[in-house]
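Asker: Have a look at this one.
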Amino acid sequence: MTNQDIKAKVKAYVLDEFLPGEDAAALTDTVPLISTGILDSIAVLKLVAFLEEQFGITLAAHETDIDHLNTMADITRLVESKQS
Amino acid sequence: MTRTLPELLSQSSERFPDRVAVEEGDGGAIGYAELSRLSNRLRDRLRHRGVLAGDRVGICMRKSADAVASIFGIMQTGAAYVPVDPTAPAVRSAYIFKDCNVRVVLVEERLSGKLSDEFRASGFNPILIVLKGTGAGVALGKALDDLDAADSAPESENVDVQSSDLAYILYTSGSTGRPKGVMLSHGNAACFVDWCSEIFQPHSEDRFSSHAPFHFDLSILDIYVSFKHGATLVLVDEQLGKDPVRLAPWIAEKRLTIWYSAPSILSMLAQFGKLEVHDYSTLRMILFAGEVFPIKYLRLLKSRLPHPRYFNLYGPTETNVCTWYEVPGEIPISQAEPMPIGQACSHCQSVVIDEGGSPVGPGVEGELCIAGPSVLQGYWNLPEQTARTFLPTREERWYRTGDIVVEQRSGGFRFLGRRDRMVKKRGMRIELGEIEATLYRQPAIKEAAVVSLADEEGGVRIKAFVSTRDAVRMSIIELKKLCAENLPLYMVPDLFQWLESLPKTSTDKIDYQRLKEMA
């Protein structure tokens, strides 16, 4: 799966679950998701479950924090690193 | 009987000088005698800087041994401590400190720049004592060393505080758009602490969780009940406290004996914590408060952790816990409604009133009012709001909780809902009006209305409807950012909907009923 495929899937999920009604173009690679409250603690758990299931990866507890999941770019990087 | 809060530390430091008073999540710790020495040093420094009995002193730092020492050092001067959320926007913290005119603020260096900028912008100029960091009291000790090197503070004694003197001011969300300060005295806290001793029978071997932040009233039980009995207070870091996957093994490792938190994290632990694989044999009590515990998650938690005793504690910041209920061993599978909030604590009196203010009997819905020694002194600098919060026709101060309850014929109360626009989200109190006021302060926004919606998990979701001046649609991400810059994250609406204009009633008021239907 390419970087673009991963990003498209995650983006569709985040828009659908946590930003219903938002214009897809507004969710750029660098929009902070956790520090702006777009993803709260329950949303992070849901996102992690989605990533693990969708991409067949396992995330360690220390990887599910603001340093790894705050932007679309961070999330894509994390998934890629787990797949390789 | 407890008279004032500082005596809890001085007594335990004499009885248990070497016992660990505070343990931090990452292993930092401080004993009772050492903590007492540190808080004495801070007391001397604050007095040297002119802090007098009756003043306020702010605290803006991570939950840590340093913060606990600060709390006691401040109270030992006879001043009240004003803790703020270190993760909240600086503009909100600065508003709070200015509102109650703190003389000194103890602040972590990483937070001091933004806070100073906000103070400067508002023309407020308190003394700052800056800590390089936090952990085991070392940073506070170092800050005091540095100040002593330049100008040593003479040793003094604890100021003899009266039980009616303010101990702390806790700011909660305010319906008029700004946080409001709930003023609580030493006596208010002391009677509650003594009630906890009677019911929970703590002892010096206990290990108390400190899950709630210090600006929430759950922290009063954590800190002072633990200290009264020479037990150990185990601090849960903010991030860890929200993450059930990491928190579940941590609670077992730390061998906690008494857990106290809002139900939401307990629901998450029951669902995501894999509780069955860890050893919780030391855990003897689980206390929860702050919101309704959805019965299906309470049942799940009890099936995973059957041996602790469970208590549902109820009470607003204004009275702290005022009713309590011990959850029975088995929750019948047929039970769909949440646990009752139970009977009034022994230090509280209770009455349920109808809309006309007349008392009603069991089986009839009404507003719960509470009197007794734990009832707040008032709201800081808000005399009218303070007056409105007490029943007007009675001599004794009866606090109107705003909560609609019904007394069961079998005894004890059930919580039914609110009479106003306050909601609880994950145990945290949110006035929907404060979110609206924040949105209205943005020049582009013409109208804003915020509603709460029940979600399928038994919690609430906050939804904001907005219209804009030029009828141009705003990005939801932009709206979330705007809110996050001005409000604590838990107050940022979960959902936004842009409308060309908001629906109105026949009297041209925003039609909330219609909005709820649209949501």
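In the structure tokens, each chain is lettered A, B, ... as it comes, each chain's residues begin at 1, and ligands are numbered from 1 in order of appearance.
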Within 10 Å of Leu78 in chain A, counting only C-alpha atoms, which residues show up once you throw out same-chain ones fewer than 4 positions away? Write them as a PyMOL selection string, please.
Answerer: chain A and resi 51+59+63-64+68-69+72-74+82-83
Asker: Write out as a list in words which residues come within 9 Å of range 436-443 of chain B when counting only C-alpha atoms, dropping same-chain ones fewer than 2 positions away.
Answerer: Ser175, Thr176, Gly177, Arg178, Leu432, Gly433, Glu434, Ile445, Lys446, Glu447, Ala448, Ala449, Val450, Ala464, Val466, Thr468, Arg469, Leu479, Leu482, Cys483, Asn486 and Leu487 of chain B
Asker: Taking 2 positions as the minimum chain separation for residues in the same chain, which residues sit within 10 Å of Val10 in chain A when counting only C-alpha atoms? Answer as a PyMOL selection string.
Answerer: chain A and resi 4-8+12-16+47+50-51+54+72+75-76+79
Asker: Write out, as a Markdown table, each residue of chain A that has an atom at most 10 Å from chain B, together with the closest pair of atoms and their distance in Å to one decimal, counting only C-alpha atoms, rows going by chain and rising number.
Answerer:
| residue | atom | partner | partner_atom | distance |
| --- | --- | --- | --- | --- |
| A:Phe18 | CA | B:Asp494 | CA | 7.7 |
| A:Leu19 | CA | B:Leu495 | CA | 7.1 |
| A:Pro20 | CA | B:Leu495 | CA | 7.4 |
| A:Gly21 | CA | B:Gln497 | CA | 7.2 |
| A:Glu22 | CA | B:Ile476 | CA | 5.8 |
| A:Asp23 | CA | B:Ser475 | CA | 7.2 |
| A:Ala25 | CA | B:Ser475 | CA | 9.9 |
| A:Ala26 | CA | B:Ser475 | CA | 7.0 |
| A:Leu27 | CA | B:Ile477 | CA | 7.6 |
| A:Val31 | CA | B:Ile477 | CA | 8.1 |
| A:Pro32 | CA | B:Lys481 | CA | 9.0 |
| A:Leu33 | CA | B:Ile477 | CA | 9.0 |
| A:Ile34 | CA | B:Leu489 | CA | 9.3 |
| A:Ser35 | CA | B:Ala484 | CA | 7.8 |
| A:Thr36 | CA | B:Ala484 | CA | 5.3 |
| A:Gly37 | CA | B:Leu489 | CA | 5.4 |
| A:Ile38 | CA | B:Lys480 | CA | 6.9 |
| A:Leu39 | CA | B:Asp494 | CA | 9.0 |
| A:Asp40 | CA | B:Tyr490 | CA | 8.0 |
| A:Ser41 | CA | B:Lys242 | CA | 6.1 |
| A:Ile42 | CA | B:Met268 | CA | 8.3 |
| A:Val44 | CA | B:Asp243 | CA | 9.1 |
| A:Leu45 | CA | B:Asp243 | CA | 8.2 |
| A:Ala60 | CA | B:Val245 | CA | 9.6 |
| A:Ala61 | CA | B:Arg246 | CA | 6.2 |
| A:His62 | CA | B:Arg246 | CA | 8.2 |
| A:Thr64 | CA | B:Asp243 | CA | 9.0 |
| A:Asp65 | CA | B:Gln239 | CA | 8.4 |
| A:Ile66 | CA | B:Gln239 | CA | 9.5 |
Asker: If you run DSSP on this backbone, which residues of range 154-328 of chain B come out as helix (DSSP H, G or I), and could you give them as a count of residues only?
Answerer: 62
Asker: Residues near Asn381 in chain B, anyone? I mean within 10 Å using only C-alpha atoms, not counting same-chain ones fewer than 5 positions away, as a list in words.
Answerer: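 Once the adjacent positions are removed, what remains is Asp99, Cys100, Lys180, Gly181, Val182, Met183 and Thr386 of chain B.
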Asker: Restrict the selected residues to N, CA and C atoms and save them as an mmCIF file, in the first residue's frame.
Answerer:
data_model
loop_
_atom_site.group_PDB
_atom_site.id
_atom_site.type_symbol
_atom_site.label_atom_id
_atom_site.label_comp_id
_atom_site.auth_asym_id
_atom_site.auth_seq_id
_atom_site.Cartn_x
_atom_site.Cartn_y
_atom_site.Cartn_z
ATOM 1 N N ASP B 99 -9.016 37.722 37.979
ATOM 2 C CA ASP B 99 -10.345 37.835 38.594
ATOM 3 C C ASP B 99 -10.254 37.799 40.114
ATOM 4 N N CYS B 100 -9.448 36.900 40.650
ATOM 5 C CA CYS B 100 -9.398 36.822 42.118
ATOM 6 C C CYS B 100 -8.151 37.513 42.656
ATOM 7 N N LYS B 180 -16.255 30.893 36.902
ATOM 8 C CA LYS B 180 -16.559 31.522 38.187
ATOM 9 C C LYS B 180 -15.875 30.769 39.324
ATOM 10 N N GLY B 181 -15.472 31.516 40.342
ATOM 11 C CA GLY B 181 -14.669 30.948 41.429
ATOM 12 C C GLY B 181 -15.529 30.535 42.604
ATOM 13 N N VAL B 182 -15.491 29.245 42.921
ATOM 14 C CA VAL B 182 -16.236 28.733 44.078
ATOM 15 C C VAL B 182 -15.314 28.837 45.291
ATOM 16 N N MET B 183 -15.743 29.622 46.282
ATOM 17 C CA MET B 183 -14.895 29.871 47.451
ATOM 18 C C MET B 183 -15.213 28.855 48.537
ATOM 19 N N THR B 386 -24.165 34.694 43.881
ATOM 20 C CA THR B 386 -24.102 34.013 45.176
ATOM 21 C C THR B 386 -25.476 34.039 45.844
#
Asker: Could you tell me how far CA of Arg92 in chain B lies from CA of Ser122 in chain B, in Å and to one decimal?
Answerer: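 CA of Arg92 in chain B sits 12.0 Å away from CA of Ser122 in chain B.
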Asker: Quote the spacing between CA of Asp151 in chain B and CA of Arg43 in chain B in Å to one decimal place.
Answerer: 15.0 Å
Asker: Got a sec: who's within 10 Å of range 344-346 of chain B, counting only C-alpha atoms, leaving out chain neighbours fewer than 3 positions off, as JSON, numbers by chain?
Answerer: {"B": [191, 192, 195, 196, 198, 199, 313, 314, 315, 321, 322, 323, 324, 325, 341, 349, 350, 351, 370, 372, 412, 413]}
Asker: So how far away is CA of Ser185 in chain B from CA of Thr77 in chain B, in Å?
Answerer: 14.3 Å
Asker: Need to verify the contact set: Gly27 in chain B, 12 Å, only C-alpha atoms, exclusion of same-chain residues closer than 5 positions in sequence. Can you return it as a PyMOL selection string?
Answerer: chain B and resi 20+22+64-65+135-136+234-237+250+253-254
Asker: Write the residues of the preceding selection, restricted to N, CA and C atoms, as a CSV table (one decimal), in the first residue's frame.
Answerer:
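Output file result-v9.csv follows:
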chain,number,residue,atom,x,y,z
B,20,VAL,N,6.1,7.7,52.8
B,20,VAL,CA,6.0,8.4,51.5
B,20,VAL,C,4.6,9.1,51.5
B,22,VAL,N,3.8,11.5,48.9
B,22,VAL,CA,3.4,11.6,47.5
B,22,VAL,C,4.3,10.8,46.6
B,64,SER,N,2.1,17.3,40.7
B,64,SER,CA,3.4,16.8,41.1
B,64,SER,C,3.6,17.0,42.6
B,65,ALA,N,4.6,16.5,43.2
B,65,ALA,CA,4.9,16.7,44.6
B,65,ALA,C,5.1,18.2,44.8
B,135,GLY,N,8.7,17.7,39.8
B,135,GLY,CA,9.1,16.3,40.0
B,135,GLY,C,9.7,16.2,41.4
B,136,ALA,N,9.0,15.4,42.3
B,136,ALA,CA,9.6,15.1,43.6
B,136,ALA,C,9.9,16.3,44.5
B,234,VAL,N,-0.8,8.7,45.3
B,234,VAL,CA,-0.1,8.3,44.0
B,234,VAL,C,-0.7,9.1,42.9
B,235,LEU,N,0.1,10.0,42.3
B,235,LEU,CA,-0.4,10.9,41.3
B,235,LEU,C,-0.4,10.2,39.9
B,236,VAL,N,-1.5,10.4,39.2
B,236,VAL,CA,-1.7,9.9,37.9
B,236,VAL,C,-1.5,11.0,36.9
B,237,ASP,N,-0.5,10.9,36.0
B,237,ASP,CA,-0.3,12.0,35.1
B,237,ASP,C,-1.5,12.1,34.2
B,250,TRP,N,-0.8,0.0,35.0
B,250,TRP,CA,-0.2,0.9,36.0
B,250,TRP,C,-0.8,0.9,37.4
B,253,GLU,N,0.4,-2.2,39.0
B,253,GLU,CA,1.8,-2.1,39.4
B,253,GLU,C,1.9,-1.2,40.7
B,254,LYS,N,1.2,-0.2,40.7
B,254,LYS,CA,1.3,0.8,41.8
B,254,LYS,C,0.6,0.3,43.1
Asker: List every residue of range 52-138 of chain B that DSSP, applied to the backbone of this structure, places in strand (DSSP E), and write the result as a list of chain:residue names.
Answerer: B:Arg56, B:Val57, B:Gly58, B:Ile59, B:Cys60, B:Ala80, B:Tyr81, B:Val82, B:Pro83, B:Val104, B:Val105, B:Leu106, B:Val107, B:Glu108, B:Ile127, B:Leu128, B:Ile129, B:Val130, B:Leu131
Asker: Can you pull out the residues contacting range 395-411 of chain B? Cut-off 7 Å, using only C-alpha atoms, and skip same-chain residues under 5 positions away; I want them as a PyMOL selection string.
Answerer: chain B and resi 362-371+375+389-390+416-420
Asker: With N, CA and C atoms retained, could you export that selection as a PDB file, in the first residue's frame?
Answerer:
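Output below, filename again.pdb:
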ATOM      1  N   PRO B 362     -41.315  12.125  49.224  1.00  0.00           N
ATOM      2  CA  PRO B 362     -40.803  11.034  48.397  1.00  0.00           C
ATOM      3  C   PRO B 362     -41.710  10.786  47.192  1.00  0.00           C
ATOM      4  N   GLY B 363     -41.088  10.432  46.082  1.00  0.00           N
ATOM      5  CA  GLY B 363     -41.851  10.116  44.884  1.00  0.00           C
ATOM      6  C   GLY B 363     -42.143  11.316  44.007  1.00  0.00           C
ATOM      7  N   VAL B 364     -41.864  12.532  44.496  1.00  0.00           N
ATOM      8  CA  VAL B 364     -42.153  13.733  43.708  1.00  0.00           C
ATOM      9  C   VAL B 364     -40.831  14.375  43.271  1.00  0.00           C
ATOM     10  N   GLU B 365     -40.749  14.719  41.985  1.00  0.00           N
ATOM     11  CA  GLU B 365     -39.529  15.337  41.460  1.00  0.00           C
ATOM     12  C   GLU B 365     -39.358  16.753  41.988  1.00  0.00           C
ATOM     13  N   GLY B 366     -38.126  17.161  42.173  1.00  0.00           N
ATOM     14  CA  GLY B 366     -37.865  18.533  42.593  1.00  0.00           C
ATOM     15  C   GLY B 366     -36.369  18.792  42.610  1.00  0.00           C
ATOM     16  N   GLU B 367     -36.006  20.031  42.999  1.00  0.00           N
ATOM     17  CA  GLU B 367     -34.590  20.401  43.020  1.00  0.00           C
ATOM     18  C   GLU B 367     -33.995  20.062  44.387  1.00  0.00           C
ATOM     19  N   LEU B 368     -32.830  19.434  44.357  1.00  0.00           N
ATOM     20  CA  LEU B 368     -32.156  19.071  45.598  1.00  0.00           C
ATOM     21  C   LEU B 368     -31.425  20.285  46.169  1.00  0.00           C
ATOM     22  N   CYS B 369     -31.646  20.582  47.443  1.00  0.00           N
ATOM     23  CA  CYS B 369     -30.946  21.668  48.131  1.00  0.00           C
ATOM     24  C   CYS B 369     -30.224  21.088  49.337  1.00  0.00           C
ATOM     25  N   ILE B 370     -29.060  21.663  49.608  1.00  0.00           N
ATOM     26  CA  ILE B 370     -28.191  21.106  50.651  1.00  0.00           C
ATOM     27  C   ILE B 370     -27.782  22.206  51.631  1.00  0.00           C
ATOM     28  N   ALA B 371     -27.824  21.904  52.911  1.00  0.00           N
ATOM     29  CA  ALA B 371     -27.314  22.815  53.932  1.00  0.00           C
ATOM     30  C   ALA B 371     -26.307  22.077  54.801  1.00  0.00           C
ATOM     31  N   VAL B 375     -21.136  23.643  52.838  1.00  0.00           N
ATOM     32  CA  VAL B 375     -21.674  24.517  51.787  1.00  0.00           C
ATOM     33  C   VAL B 375     -20.769  25.740  51.565  1.00  0.00           C
ATOM     34  N   THR B 389     -27.982  31.634  44.464  1.00  0.00           N
ATOM     35  CA  THR B 389     -27.686  30.222  44.594  1.00  0.00           C
ATOM     36  C   THR B 389     -28.203  29.629  45.912  1.00  0.00           C
ATOM     37  N   PHE B 390     -28.651  30.508  46.821  1.00  0.00           N
ATOM     38  CA  PHE B 390     -29.209  30.033  48.093  1.00  0.00           C
ATOM     39  C   PHE B 390     -30.720  30.251  48.106  1.00  0.00           C
ATOM     40  N   LEU B 416     -32.159  12.867  38.303  1.00  0.00           N
ATOM     41  CA  LEU B 416     -32.945  12.808  37.066  1.00  0.00           C
ATOM     42  C   LEU B 416     -32.414  13.727  35.970  1.00  0.00           C
ATOM     43  N   GLY B 417     -31.812  14.854  36.353  1.00  0.00           N
ATOM     44  CA  GLY B 417     -31.299  15.764  35.318  1.00  0.00           C
ATOM     45  C   GLY B 417     -31.036  17.144  35.899  1.00  0.00           C
ATOM     46  N   ARG B 418     -30.854  18.126  35.015  1.00  0.00           N
ATOM     47  CA  ARG B 418     -30.538  19.499  35.432  1.00  0.00           C
ATOM     48  C   ARG B 418     -31.733  20.403  35.181  1.00  0.00           C
ATOM     49  N   ARG B 419     -31.799  21.499  35.938  1.00  0.00           N
ATOM     50  CA  ARG B 419     -32.834  22.474  35.633  1.00  0.00           C
ATOM     51  C   ARG B 419     -32.291  23.608  34.754  1.00  0.00           C
ATOM     52  N   ASP B 420     -31.009  23.592  34.447  1.00  0.00           N
ATOM     53  CA  ASP B 420     -30.437  24.686  33.657  1.00  0.00           C
ATOM     54  C   ASP B 420     -29.593  24.118  32.515  1.00  0.00           C
TER      55      ASP B 420
END
